[in-house]
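Asker: Handing you this structure, nothing more for now.
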Amino acid sequence: MSDQSIHRTSGRKVGVLVMSYGTPESIEQVEAYYTHIRRGNPPSPEQLKDLTDRYEAIVGGVFPLRENTDKQVKALETKLNETYPHASFVCYQGLKHASPFIEDGVERMAADGITEAVGVVLAPHYSIMSVGGYIKRAQEKASELGLKMSFVRSYHLHPKLIEALAIRVEEALSRFEGADKDKVLVLFTAHSLPEKILEMKDPYPEQLLETSRAVAERAGIARWQFGWQSAGQTGVPWLGPDLLDVLRTVKQENRAEHVLVCPVGFVSDHLEVLYDLDIEAQHTARELGIHLERTRSLNTDPLYMETLSDVVYAQAFAEER
Ligand code: FEC
């Protein structure tokens, strides 16, 4: 950065709304949380039991996503202020389905006298149904309160993100002891969405493929494919193929005995990783006689924190460059 631009940015206080999915704080809160996800429609007793059982399988006193989001937000604030000491960054949480909600985060910034802010989502890929929804809610609240906000829409090809994911793929491949690494099939995954996003020309599927391609290239992986996971049961078609079906097909077609799952759409340990992959997919793989491993989640990985810090800074000071 030039001396001139450092001068212009000196002393600027920037609010950073770090948005994430949100998770309950206790088993008792699962019903309210699920009702919020379902846009105010309470789940049936069977649906509630199914979700509560899944949480019980992964929660050891603490809901992992709660703890991980807290740590990520703190680590990002530290990274931003260390890297760009000429400005002052204050991070706030805004959760999609739990407290503090996105709107609460924006209100807190305004109450603290913040006048300009950047929003970023702890999910690298843009979809109108995911990141687009977070941004819409934050922008509405910010406009109501007269707060100037801009947003990072995606960062799915940031070189440090690709590097962090490639390192994880390489590390996980070393867990297939005795197996020829070229025989391991790498399966990149992300949360499925209703198929109707395809009609909207949503960038989500293509961005996910771009990330997968870049990670495979960087890690020197020749055998890879993409699969969707964690689809909802909402009575409409969701994007496929589902990971579990991919595993079955791989077995049927005798394509691999060793599979490495790399959930590129997620950045934290949470239900969709710790249950859907580590329990459900692992169970299916065992039944099929497939050796399944998964890459470690990014959580507060320094390269991921640097990715976030780079994109937040670039967004905050975009007009200065
Ligand atoms: O650990 C936790 O407590 C929360 C884990 C969690 C993450 C997550 C991320 C995404 N979701 C996305 C889309 C949808 C759509 C629906 C939907 C439903 C659920 C349910 C649970 C849940 N999601 Fe989620 N999601 C997480 C958890 N998700 C629990 C409800 C029960 C179930 O289906 O299992 C369907 C809503 C509806 O009914 O209409 C759509 C997308 C992401 C990744 C991007 C992001 O993080 O925002 C997309 C983490």
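Naming works like this for the structure tokens: A, B, ... for the chains as they're shown, residue 1 at the start of each chain, ligands 1 onward in shown order.
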Residues of chain A that have any atom at most 7 Å from an atom of ligand 1: could you tabulate them with the shortest-distance atom pair and the distance in Å to one decimal, using only C-alpha atoms and all ligand atoms, ordered by chain and increasing number, as CSV?

Answerer:
residue,atom,partner,partner_atom_place_in_ligand_line,distance
A:Ser20,CA,ligand 1,46 (O),6.1
A:Tyr21,CA,ligand 1,46 (O),4.9
A:Gly22,CA,ligand 1,4 (C),6.1
A:Thr23,CA,ligand 1,3 (O),3.8
A:Pro24,CA,ligand 1,3 (O),6.3
A:Tyr34,CA,ligand 1,30 (C),5.9
A:Ile37,CA,ligand 1,36 (C),5.5
A:Arg38,CA,ligand 1,38 (O),4.7
A:Leu51,CA,ligand 1,31 (C),6.4
A:Phe63,CA,ligand 1,3 (O),6.8
A:Pro64,CA,ligand 1,1 (O),6.6
A:Leu65,CA,ligand 1,1 (O),5.0
A:Leu122,CA,ligand 1,46 (O),6.6
A:Ala123,CA,ligand 1,46 (O),5.3
A:Met129,CA,ligand 1,48 (C),6.8
A:Ser130,CA,ligand 1,48 (C),4.9
A:Val131,CA,ligand 1,47 (O),6.3
A:His191,CA,ligand 1,41 (C),5.3
A:Ser192,CA,ligand 1,48 (C),6.5
A:Leu193,CA,ligand 1,40 (C),5.4
A:Pro194,CA,ligand 1,40 (C),6.7
A:Ser230,CA,ligand 1,34 (O),6.7
A:Ala231,CA,ligand 1,33 (O),6.5
A:Gly232,CA,ligand 1,33 (O),4.0
A:Gln233,CA,ligand 1,33 (O),6.2
A:Thr234,CA,ligand 1,38 (O),5.9
A:Gly265,CA,ligand 1,43 (C),6.5
A:Phe266,CA,ligand 1,43 (C),6.5
A:His270,CA,ligand 1,1 (O),3.8
A:Leu271,CA,ligand 1,1 (O),3.8
A:Glu272,CA,ligand 1,5 (C),5.3

Asker: Taking only segment 48-190 of chain A into account, list the residues labelled helix (DSSP H, G or I) by DSSP (computed from the backbone), as JSON, numbers by chain.

Answerer: {"A": [48, 49, 50, 51, 52, 53, 54, 55, 56, 57, 58, 64, 65, 66, 67, 68, 69, 70, 71, 72, 73, 74, 75, 76, 77, 78, 79, 80, 81, 82, 83, 102, 103, 104, 105, 106, 107, 108, 109, 110, 111, 131, 132, 133, 134, 135, 136, 137, 138, 139, 140, 141, 142, 143, 144, 145, 159, 160, 161, 162, 163, 164, 165, 166, 167, 168, 169, 170, 171, 172, 173, 181, 182, 183]}

Asker: Looking at only C-alpha atoms, which of A:Arg175, A:His156, A:Lys79, A:Arg294 is the one that sits closest to Arg213 of chain A?

Answerer: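 Of all the options, A:His156 lies closest to Arg213 of chain A.
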
Asker: If we count only C-alpha atoms and set the cut-off at 8 Å, which residues sit around Glu163 of chain A, ignoring sequence neighbours fewer than 2 positions away in its own chain? Please answer as JSON, numbers by chain.

Answerer: {"A": [159, 160, 161, 165, 166, 167, 215, 218, 303]}

Asker: Could you take the residues named above and write them with N, CA and C atoms, as a PDB file, in the first residue's frame?

Answerer:
ATOM      1  N   PRO A 159      -6.518 -17.605  -3.379  1.00  0.00           N
ATOM      2  CA  PRO A 159      -5.385 -18.553  -3.371  1.00  0.00           C
ATOM      3  C   PRO A 159      -5.082 -19.144  -1.986  1.00  0.00           C
ATOM      4  N   LYS A 160      -5.291 -18.351  -0.924  1.00  0.00           N
ATOM      5  CA  LYS A 160      -4.986 -18.894   0.416  1.00  0.00           C
ATOM      6  C   LYS A 160      -6.045 -19.913   0.850  1.00  0.00           C
ATOM      7  N   LEU A 161      -7.271 -19.722   0.401  1.00  0.00           N
ATOM      8  CA  LEU A 161      -8.316 -20.718   0.698  1.00  0.00           C
ATOM      9  C   LEU A 161      -7.988 -22.025  -0.032  1.00  0.00           C
ATOM     10  N   LEU A 165      -7.107 -25.678   1.679  1.00  0.00           N
ATOM     11  CA  LEU A 165      -7.871 -26.897   1.371  1.00  0.00           C
ATOM     12  C   LEU A 165      -6.958 -27.970   0.766  1.00  0.00           C
ATOM     13  N   ALA A 166      -6.033 -27.532  -0.092  1.00  0.00           N
ATOM     14  CA  ALA A 166      -5.123 -28.504  -0.727  1.00  0.00           C
ATOM     15  C   ALA A 166      -4.226 -29.166   0.329  1.00  0.00           C
ATOM     16  N   ILE A 167      -3.778 -28.372   1.300  1.00  0.00           N
ATOM     17  CA  ILE A 167      -2.942 -28.933   2.379  1.00  0.00           C
ATOM     18  C   ILE A 167      -3.737 -30.007   3.118  1.00  0.00           C
ATOM     19  N   VAL A 215      -8.501 -26.901  -6.146  1.00  0.00           N
ATOM     20  CA  VAL A 215      -7.880 -27.678  -5.063  1.00  0.00           C
ATOM     21  C   VAL A 215      -7.257 -28.947  -5.638  1.00  0.00           C
ATOM     22  N   ARG A 218      -4.070 -28.022  -7.453  1.00  0.00           N
ATOM     23  CA  ARG A 218      -3.009 -27.615  -6.517  1.00  0.00           C
ATOM     24  C   ARG A 218      -2.452 -28.836  -5.751  1.00  0.00           C
ATOM     25  N   LEU A 303      -4.531 -19.706   7.319  1.00  0.00           N
ATOM     26  CA  LEU A 303      -4.721 -19.324   5.913  1.00  0.00           C
ATOM     27  C   LEU A 303      -6.174 -18.924   5.638  1.00  0.00           C
TER      28      LEU A 303
END

Asker: Find the residue from A:Ala172, A:Pro205, A:Asp50, A:Asn299 that sits nearest to Arg66 of chain A; use only C-alpha atoms when measuring.

Answerer: A:Asn299

Asker: Which residue gives the smallest distance to Phe226 of chain A among A:Val250, A:Phe188, A:Leu260, A:Thr83, with only C-alpha atoms counted?

Answerer: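 Closest to Phe226 of chain A of all the choices is A:Phe188.
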
Asker: Might you pull out every residue within 12 Å of Val273 of chain A, with only C-alpha atoms counted and same-chain residues fewer than 3 positions away left off, and present them as a PDB file with N, CA and C atoms, in the first residue's frame?

Answerer:
ATOM      1  N   ARG A  54     -29.815 -36.267  16.156  1.00  0.00           N
ATOM      2  CA  ARG A  54     -28.559 -35.991  15.445  1.00  0.00           C
ATOM      3  C   ARG A  54     -27.669 -35.071  16.269  1.00  0.00           C
ATOM      4  N   TYR A  55     -28.286 -34.056  16.895  1.00  0.00           N
ATOM      5  CA  TYR A  55     -27.463 -33.178  17.747  1.00  0.00           C
ATOM      6  C   TYR A  55     -26.893 -33.968  18.924  1.00  0.00           C
ATOM      7  N   ILE A  58     -23.651 -35.574  18.336  1.00  0.00           N
ATOM      8  CA  ILE A  58     -22.397 -34.810  18.110  1.00  0.00           C
ATOM      9  C   ILE A  58     -22.060 -33.822  19.222  1.00  0.00           C
ATOM     10  N   PRO A  64     -20.845 -27.508  18.605  1.00  0.00           N
ATOM     11  CA  PRO A  64     -19.554 -27.169  17.980  1.00  0.00           C
ATOM     12  C   PRO A  64     -19.582 -25.897  17.136  1.00  0.00           C
ATOM     13  N   LEU A  65     -20.684 -25.674  16.392  1.00  0.00           N
ATOM     14  CA  LEU A  65     -20.699 -24.502  15.512  1.00  0.00           C
ATOM     15  C   LEU A  65     -20.672 -23.211  16.324  1.00  0.00           C
ATOM     16  N   THR A 189     -17.544 -32.025  -1.640  1.00  0.00           N
ATOM     17  CA  THR A 189     -18.986 -31.914  -1.363  1.00  0.00           C
ATOM     18  C   THR A 189     -19.358 -30.516  -0.874  1.00  0.00           C
ATOM     19  N   ALA A 190     -20.668 -30.246  -0.955  1.00  0.00           N
ATOM     20  CA  ALA A 190     -21.216 -29.003  -0.387  1.00  0.00           C
ATOM     21  C   ALA A 190     -22.694 -29.251  -0.098  1.00  0.00           C
ATOM     22  N   HIS A 191     -23.268 -28.352   0.684  1.00  0.00           N
ATOM     23  CA  HIS A 191     -24.689 -28.464   1.030  1.00  0.00           C
ATOM     24  C   HIS A 191     -25.532 -28.367  -0.240  1.00  0.00           C
ATOM     25  N   GLN A 229     -24.440 -32.911  -0.487  1.00  0.00           N
ATOM     26  CA  GLN A 229     -24.763 -33.562   0.789  1.00  0.00           C
ATOM     27  C   GLN A 229     -25.834 -32.775   1.536  1.00  0.00           C
ATOM     28  N   SER A 230     -26.396 -33.434   2.552  1.00  0.00           N
ATOM     29  CA  SER A 230     -27.278 -32.785   3.534  1.00  0.00           C
ATOM     30  C   SER A 230     -28.556 -32.191   2.945  1.00  0.00           C
ATOM     31  N   VAL A 261     -13.428 -37.611   1.433  1.00  0.00           N
ATOM     32  CA  VAL A 261     -14.415 -36.540   1.272  1.00  0.00           C
ATOM     33  C   VAL A 261     -13.800 -35.223   1.721  1.00  0.00           C
ATOM     34  N   CYS A 262     -13.932 -34.217   0.864  1.00  0.00           N
ATOM     35  CA  CYS A 262     -13.443 -32.872   1.197  1.00  0.00           C
ATOM     36  C   CYS A 262     -14.628 -31.910   1.058  1.00  0.00           C
ATOM     37  N   PRO A 263     -15.243 -31.538   2.199  1.00  0.00           N
ATOM     38  CA  PRO A 263     -16.446 -30.692   2.130  1.00  0.00           C
ATOM     39  C   PRO A 263     -16.102 -29.220   1.888  1.00  0.00           C
ATOM     40  N   VAL A 264     -15.852 -28.870   0.613  1.00  0.00           N
ATOM     41  CA  VAL A 264     -15.376 -27.517   0.278  1.00  0.00           C
ATOM     42  C   VAL A 264     -16.400 -26.416   0.557  1.00  0.00           C
ATOM     43  N   GLY A 265     -17.664 -26.810   0.713  1.00  0.00           N
ATOM     44  CA  GLY A 265     -18.696 -25.791   0.958  1.00  0.00           C
ATOM     45  C   GLY A 265     -18.792 -25.376   2.413  1.00  0.00           C
ATOM     46  N   PHE A 266     -18.092 -26.051   3.309  1.00  0.00           N
ATOM     47  CA  PHE A 266     -18.191 -25.759   4.745  1.00  0.00           C
ATOM     48  C   PHE A 266     -16.839 -25.329   5.297  1.00  0.00           C
ATOM     49  N   VAL A 267     -16.881 -24.475   6.312  1.00  0.00           N
ATOM     50  CA  VAL A 267     -15.613 -23.984   6.868  1.00  0.00           C
ATOM     51  C   VAL A 267     -15.439 -24.336   8.337  1.00  0.00           C
ATOM     52  N   SER A 268     -16.377 -25.100   8.893  1.00  0.00           N
ATOM     53  CA  SER A 268     -16.365 -25.377  10.335  1.00  0.00           C
ATOM     54  C   SER A 268     -16.766 -26.816  10.618  1.00  0.00           C
ATOM     55  N   ASP A 269     -16.399 -27.262  11.796  1.00  0.00           N
ATOM     56  CA  ASP A 269     -16.996 -28.509  12.285  1.00  0.00           C
ATOM     57  C   ASP A 269     -18.389 -28.172  12.791  1.00  0.00           C
ATOM     58  N   HIS A 270     -19.393 -28.862  12.288  1.00  0.00           N
ATOM     59  CA  HIS A 270     -20.770 -28.667  12.737  1.00  0.00           C
ATOM     60  C   HIS A 270     -21.587 -29.889  12.325  1.00  0.00           C
ATOM     61  N   ASP A 276     -23.487 -35.696   9.313  1.00  0.00           N
ATOM     62  CA  ASP A 276     -23.780 -36.176   7.950  1.00  0.00           C
ATOM     63  C   ASP A 276     -22.587 -36.907   7.320  1.00  0.00           C
ATOM     64  N   LEU A 277     -21.371 -36.414   7.620  1.00  0.00           N
ATOM     65  CA  LEU A 277     -20.200 -37.091   7.044  1.00  0.00           C
ATOM     66  C   LEU A 277     -19.628 -38.140   7.997  1.00  0.00           C
ATOM     67  N   ASP A 278     -19.335 -37.699   9.244  1.00  0.00           N
ATOM     68  CA  ASP A 278     -18.585 -38.600  10.135  1.00  0.00           C
ATOM     69  C   ASP A 278     -19.423 -39.759  10.674  1.00  0.00           C
ATOM     70  N   ILE A 279     -20.743 -39.595  10.710  1.00  0.00           N
ATOM     71  CA  ILE A 279     -21.573 -40.699  11.215  1.00  0.00           C
ATOM     72  C   ILE A 279     -22.353 -41.350  10.063  1.00  0.00           C
ATOM     73  N   GLU A 280     -23.168 -40.531   9.351  1.00  0.00           N
ATOM     74  CA  GLU A 280     -24.046 -41.120   8.336  1.00  0.00           C
ATOM     75  C   GLU A 280     -23.269 -41.664   7.120  1.00  0.00           C
ATOM     76  N   ALA A 281     -22.426 -40.821   6.534  1.00  0.00           N
ATOM     77  CA  ALA A 281     -21.700 -41.280   5.334  1.00  0.00           C
ATOM     78  C   ALA A 281     -20.703 -42.377   5.706  1.00  0.00           C
ATOM     79  N   GLN A 282     -20.117 -42.232   6.903  1.00  0.00           N
ATOM     80  CA  GLN A 282     -19.162 -43.241   7.353  1.00  0.00           C
ATOM     81  C   GLN A 282     -19.866 -44.604   7.512  1.00  0.00           C
ATOM     82  N   GLU A 293     -12.399 -41.425   4.448  1.00  0.00           N
ATOM     83  CA  GLU A 293     -11.781 -40.424   5.334  1.00  0.00           C
ATOM     84  C   GLU A 293     -12.333 -39.070   4.916  1.00  0.00           C
ATOM     85  N   ARG A 294     -12.215 -38.083   5.817  1.00  0.00           N
ATOM     86  CA  ARG A 294     -12.573 -36.725   5.389  1.00  0.00           C
ATOM     87  C   ARG A 294     -11.488 -35.742   5.814  1.00  0.00           C
ATOM     88  N   THR A 295     -11.406 -34.660   5.063  1.00  0.00           N
ATOM     89  CA  THR A 295     -10.392 -33.647   5.369  1.00  0.00           C
ATOM     90  C   THR A 295     -10.797 -32.895   6.636  1.00  0.00           C
ATOM     91  N   ARG A 296      -9.804 -32.407   7.381  1.00  0.00           N
ATOM     92  CA  ARG A 296     -10.080 -31.619   8.590  1.00  0.00           C
ATOM     93  C   ARG A 296     -10.730 -30.299   8.180  1.00  0.00           C
ATOM     94  N   SER A 297     -11.633 -29.817   9.051  1.00  0.00           N
ATOM     95  CA  SER A 297     -12.318 -28.552   8.746  1.00  0.00           C
ATOM     96  C   SER A 297     -11.369 -27.380   8.923  1.00  0.00           C
ATOM     97  N   LEU A 298     -11.691 -26.268   8.267  1.00  0.00           N
ATOM     98  CA  LEU A 298     -10.808 -25.095   8.330  1.00  0.00           C
ATOM     99  C   LEU A 298     -10.820 -24.451   9.720  1.00  0.00           C
ATOM    100  N   ASN A 299     -11.977 -24.336  10.311  1.00  0.00           N
ATOM    101  CA  ASN A 299     -12.126 -23.661  11.618  1.00  0.00           C
ATOM    102  C   ASN A 299     -11.309 -22.364  11.639  1.00  0.00           C
TER     103      ASN A 299
END

Asker: Write out as a VMD selection string the set of residues from segment 11-106 of chain A that DSSP, computed on the backbone, places in strand (DSSP E or B).

Answerer: chain A and resid 13 to 20 88 to 95 101

Asker: For a quick check of understanding, using only C-alpha atoms, which of A:Lys183, A:Gly240, A:Tyr275, A:Tyr304 has the smallest distance to His291 of chain A?

Answerer: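 Using only C-alpha atoms, the shortest distance to His291 of chain A belongs to A:Lys183.
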
Asker: Can you measure atom CA of Leu292 of chain A to atom CA of Asn68 of chain A for me? One decimal in Å is fine.

Answerer: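 Answer for the atom CA of Leu292 of chain A to atom CA of Asn68 of chain A separation: 24.4 Å.
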